[in-house]
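Here is the structure we will look at, set down as structure tokens.
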Amino acid sequence: MVIRIALVLCLFLLPGLAAGCGKRVVDLEQVSPEEKIVIKFSHVVAENTPKGLAAQRFADLVRERTRGRVEVQVFPNSTLYKDGEELQALQNGSVQIIAPATSKLAGLFPQWQVFDLPYAFPDEDAVHRAMDGYIGNKLSEILRQSNIQALAFWDNGFKQITNSKRPVIHPGDFNGLTFRVMINSQVLKRQFEKMGAIPVEKPFNDLYRVLELREVDGQENTMSNICSKNLFKVQPYLTVSNHGYMGYMVMTNARFWSALPEDIRAVLEGTLLEVTGWEREQALKMNRENMEKAVSSGQVQVHWLTENEKEEWARVLEPIYGEFREIIGGDLIDAVEELNRQRRERNDI
């Protein structure tokens, strides 16, 4: 699914290049308002997260490579649109690029909940294989039917469990606790219900306040989000479970994208491809560093699930696959299971 475009030097130096490309060199100050293309990029997480850093890197590189002809304006931390508002804003043209978590697409596109299935992917490589193959192609086509163009798939990482009540090690430890879940995903709600907990939908921008005031007992998130929002300071119990994956779909309005000049579109696509590789490296690095930060803070009690404990969780959660088979699509669930079968065979060699 990842866009692969080989860019020649001329495209990276748009719109006016060396004489060999037949155009003059244009300084940033020389780009008139009529020539400039403004792209609003809205997201809901902090600037110092993998997604936040990648969005800004994309904006900086595009400005440089188009000599100011394209200005990507990044709006982090829900400053422009909040959870639940981004998709509508994209479809009506109020914003040109968004990068929501895949879970948040489920309201309109329930098939995207395939990424919410517990223990569906053992590592990031398995996720990337899924997006580069049948699963990514099928999900991207579903978006295109609603005038949405998939551009790139960015990692956030694997989710951990935090709460303010007690250590959570076995499924029974969830009993009676309330957990914040992302909007739109019925799979995530069902996941906590299966463990005996009570799921409560809350937007990400309000999460710290909700946890600080004990409106809910806990939440699930990647370590980069847990630390960038200081959630560990109000959630003294951390369970390293890696029970689910969280990724972001970078997307645009398809009509807007197709109306861009071909040369500009090529620069944007090539830059996104480059930034995607960088973002994935940052996600791994930041989650590792933020785990160390939380542990060394002395503010959390950490438990790493053993393989036997993970299997205990997986047994309780496994029925979710059958419950959502028709909603997500049997072909997508079968594709996930086939990828895992292939991985097991590779490991056995």
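Quick note on naming: the chains in the structure tokens go A, B, ... in the order shown, residues restart at 1 in each chain, and ligands are numbered from 1 in order of appearance.
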request  = Taking the DSSP assignment computed from this structure's backbone, write out as a count of residues only all residues of segment 105-315 of chain A that belong to strand (DSSP E or B).
outcome  = 44
Nearby residues (only C-alpha atoms) at most 10 Å from Leu80 of chain A, same-chain spacing under 6 positions excluded, as a PDB file with C-alpha atoms, in the first residue's frame:
```pdb
ATOM      1  CA  LYS A  40      -3.786  22.073   6.514  1.00  0.00           C
ATOM      2  CA  PHE A  41      -2.597  18.973   8.416  1.00  0.00           C
ATOM      3  CA  SER A  42      -4.625  18.366  11.578  1.00  0.00           C
ATOM      4  CA  HIS A  43      -3.925  15.784  14.283  1.00  0.00           C
ATOM      5  CA  VAL A  44      -4.818  15.256  17.944  1.00  0.00           C
ATOM      6  CA  VAL A  74       0.421  21.562  11.014  1.00  0.00           C
ATOM      7  CA  GLU A  86     -11.491  15.281  11.685  1.00  0.00           C
ATOM      8  CA  ALA A  89     -13.607  18.200   8.112  1.00  0.00           C
ATOM      9  CA  SER A  94     -11.979  22.231   5.666  1.00  0.00           C
ATOM     10  CA  VAL A  95      -8.701  20.380   6.183  1.00  0.00           C
TER      11      VAL A  95
END
```
ask   = Where does DSSP see alpha helix (DSSP H) in segment 148-314 of chain A, if you list the residues as a PyMOL selection string?
value = chain A and resi 186-194+207-212+223-228+254-259+262-296+307-314
Using only C-alpha atoms, what table do you get, as JSON lines, when you list each residue of segment 185-271 of chain A with an atom no more than 12 Å from segment 115-131 of chain A, its nearest pair of atoms, and their distance in Å rounded to one decimal, rows by chain then rising number?
```
{"residue": "A:Ser185", "atom": "CA", "partner": "A:Asp116", "partner_atom": "CA", "distance": 7.8}
{"residue": "A:Gln186", "atom": "CA", "partner": "A:Asp116", "partner_atom": "CA", "distance": 9.1}
{"residue": "A:Val187", "atom": "CA", "partner": "A:Asp116", "partner_atom": "CA", "distance": 6.3}
{"residue": "A:Leu188", "atom": "CA", "partner": "A:Asp116", "partner_atom": "CA", "distance": 6.4}
{"residue": "A:Lys189", "atom": "CA", "partner": "A:Asp116", "partner_atom": "CA", "distance": 10.1}
{"residue": "A:Arg190", "atom": "CA", "partner": "A:Leu117", "partner_atom": "CA", "distance": 10.0}
{"residue": "A:Gln191", "atom": "CA", "partner": "A:Pro118", "partner_atom": "CA", "distance": 7.5}
{"residue": "A:Phe192", "atom": "CA", "partner": "A:Pro118", "partner_atom": "CA", "distance": 10.5}
{"residue": "A:Lys194", "atom": "CA", "partner": "A:Pro118", "partner_atom": "CA", "distance": 11.2}
{"residue": "A:Met195", "atom": "CA", "partner": "A:Pro118", "partner_atom": "CA", "distance": 11.8}
{"residue": "A:Glu220", "atom": "CA", "partner": "A:Asp116", "partner_atom": "CA", "distance": 11.8}
{"residue": "A:Ser241", "atom": "CA", "partner": "A:Tyr119", "partner_atom": "CA", "distance": 9.7}
{"residue": "A:Asn242", "atom": "CA", "partner": "A:Tyr119", "partner_atom": "CA", "distance": 7.7}
{"residue": "A:His243", "atom": "CA", "partner": "A:Tyr119", "partner_atom": "CA", "distance": 5.2}
{"residue": "A:Gly244", "atom": "CA", "partner": "A:Pro118", "partner_atom": "CA", "distance": 5.1}
{"residue": "A:Tyr245", "atom": "CA", "partner": "A:Phe115", "partner_atom": "CA", "distance": 6.6}
{"residue": "A:Met246", "atom": "CA", "partner": "A:Phe115", "partner_atom": "CA", "distance": 7.4}
{"residue": "A:Gly247", "atom": "CA", "partner": "A:Phe115", "partner_atom": "CA", "distance": 8.2}
{"residue": "A:Tyr248", "atom": "CA", "partner": "A:Phe115", "partner_atom": "CA", "distance": 10.5}
{"residue": "A:Met249", "atom": "CA", "partner": "A:Met131", "partner_atom": "CA", "distance": 10.4}
```
Output for the residues just chosen: C-alpha atoms as a PDB file, in the first residue's frame:
```pdb
ATOM      1  CA  SER A 185     -14.270   1.040  17.921  1.00  0.00           C
ATOM      2  CA  GLN A 186     -16.697  -1.608  19.134  1.00  0.00           C
ATOM      3  CA  VAL A 187     -13.835  -4.125  19.228  1.00  0.00           C
ATOM      4  CA  LEU A 188     -12.010  -2.079  21.858  1.00  0.00           C
ATOM      5  CA  LYS A 189     -15.169  -1.825  23.941  1.00  0.00           C
ATOM      6  CA  ARG A 190     -15.731  -5.552  23.693  1.00  0.00           C
ATOM      7  CA  GLN A 191     -12.117  -6.224  24.627  1.00  0.00           C
ATOM      8  CA  PHE A 192     -12.560  -4.619  28.039  1.00  0.00           C
ATOM      9  CA  LYS A 194     -14.504  -9.580  27.976  1.00  0.00           C
ATOM     10  CA  MET A 195     -12.022  -8.854  30.758  1.00  0.00           C
ATOM     11  CA  GLU A 220      -4.689   1.729  27.154  1.00  0.00           C
ATOM     12  CA  SER A 241       1.001  -6.207  27.799  1.00  0.00           C
ATOM     13  CA  ASN A 242       1.518  -5.375  24.106  1.00  0.00           C
ATOM     14  CA  HIS A 243      -2.031  -6.646  23.702  1.00  0.00           C
ATOM     15  CA  GLY A 244      -2.955  -4.445  20.763  1.00  0.00           C
ATOM     16  CA  TYR A 245      -1.433  -2.263  18.091  1.00  0.00           C
ATOM     17  CA  MET A 246      -2.093   1.412  17.384  1.00  0.00           C
ATOM     18  CA  GLY A 247      -1.256   2.957  14.022  1.00  0.00           C
ATOM     19  CA  TYR A 248      -2.185   6.061  12.084  1.00  0.00           C
ATOM     20  CA  MET A 249      -3.609   6.352   8.580  1.00  0.00           C
TER      21      MET A 249
END
```
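For the atom pair formed by atom CA of Arg166 of chain A and atom CA of Pro199 of chain A, the distance is 17.0 Å, given to one decimal.
Between atom CA of Val250 of chain A and atom CA of Ala152 of chain A there is a distance of 5.1 Å.
Excluding Asn287 of chain A and any residue on its chain fewer than 4 positions from it, the residues at most 8 Å away by only C-alpha atoms are Gly157, Thr222, Met223, Ser224, Ala283 and Met291 of chain A.
Of the residues listed (A:Leu231, A:Ala59, A:Val240, A:Val316), A:Leu231 shows the shortest atom-to-atom separation from Gln299 of chain A; distances use only C-alpha atoms.
Note that the spacing between atom CA of Phe232 of chain A and atom CA of Asn156 of chain A amounts to 17.5 Å.
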note = Min atom-atom distance to Asn175 of chain A from the set A:Asp217, A:Glu312, A:Asp263, A:Glu141, counting only C-alpha atoms, belongs to A:Asp217
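Of the residues under consideration (A:Thr239, A:Gln56, A:Gln160, A:Ser296), A:Thr239 shows the shortest atom-to-atom contact distance to Asp173 of chain A when counting only C-alpha atoms.
Checking A:Ser146, A:Val72, A:Ile37, A:Glu262 one by one against Asp60 of chain A, counting only C-alpha atoms, you find the shortest gap at A:Val72.
The environment of Leu177 of chain A within 9 Å, counting only C-alpha atoms and disregarding residues fewer than 6 places along the same chain, consists of Asn163, Lys165, Gly196, Ala197, Ile198, Pro199, Val216, Asp217 and Gly218 of chain A.
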inquiry  = Need to verify the contact set: Leu284 of chain A, 9 Å, only C-alpha atoms, exclusion of same-chain residues closer than 2 positions in sequence. Can you return it as a PyMOL selection string?
reply    = chain A and resi 50+155-157+279-282+286-289
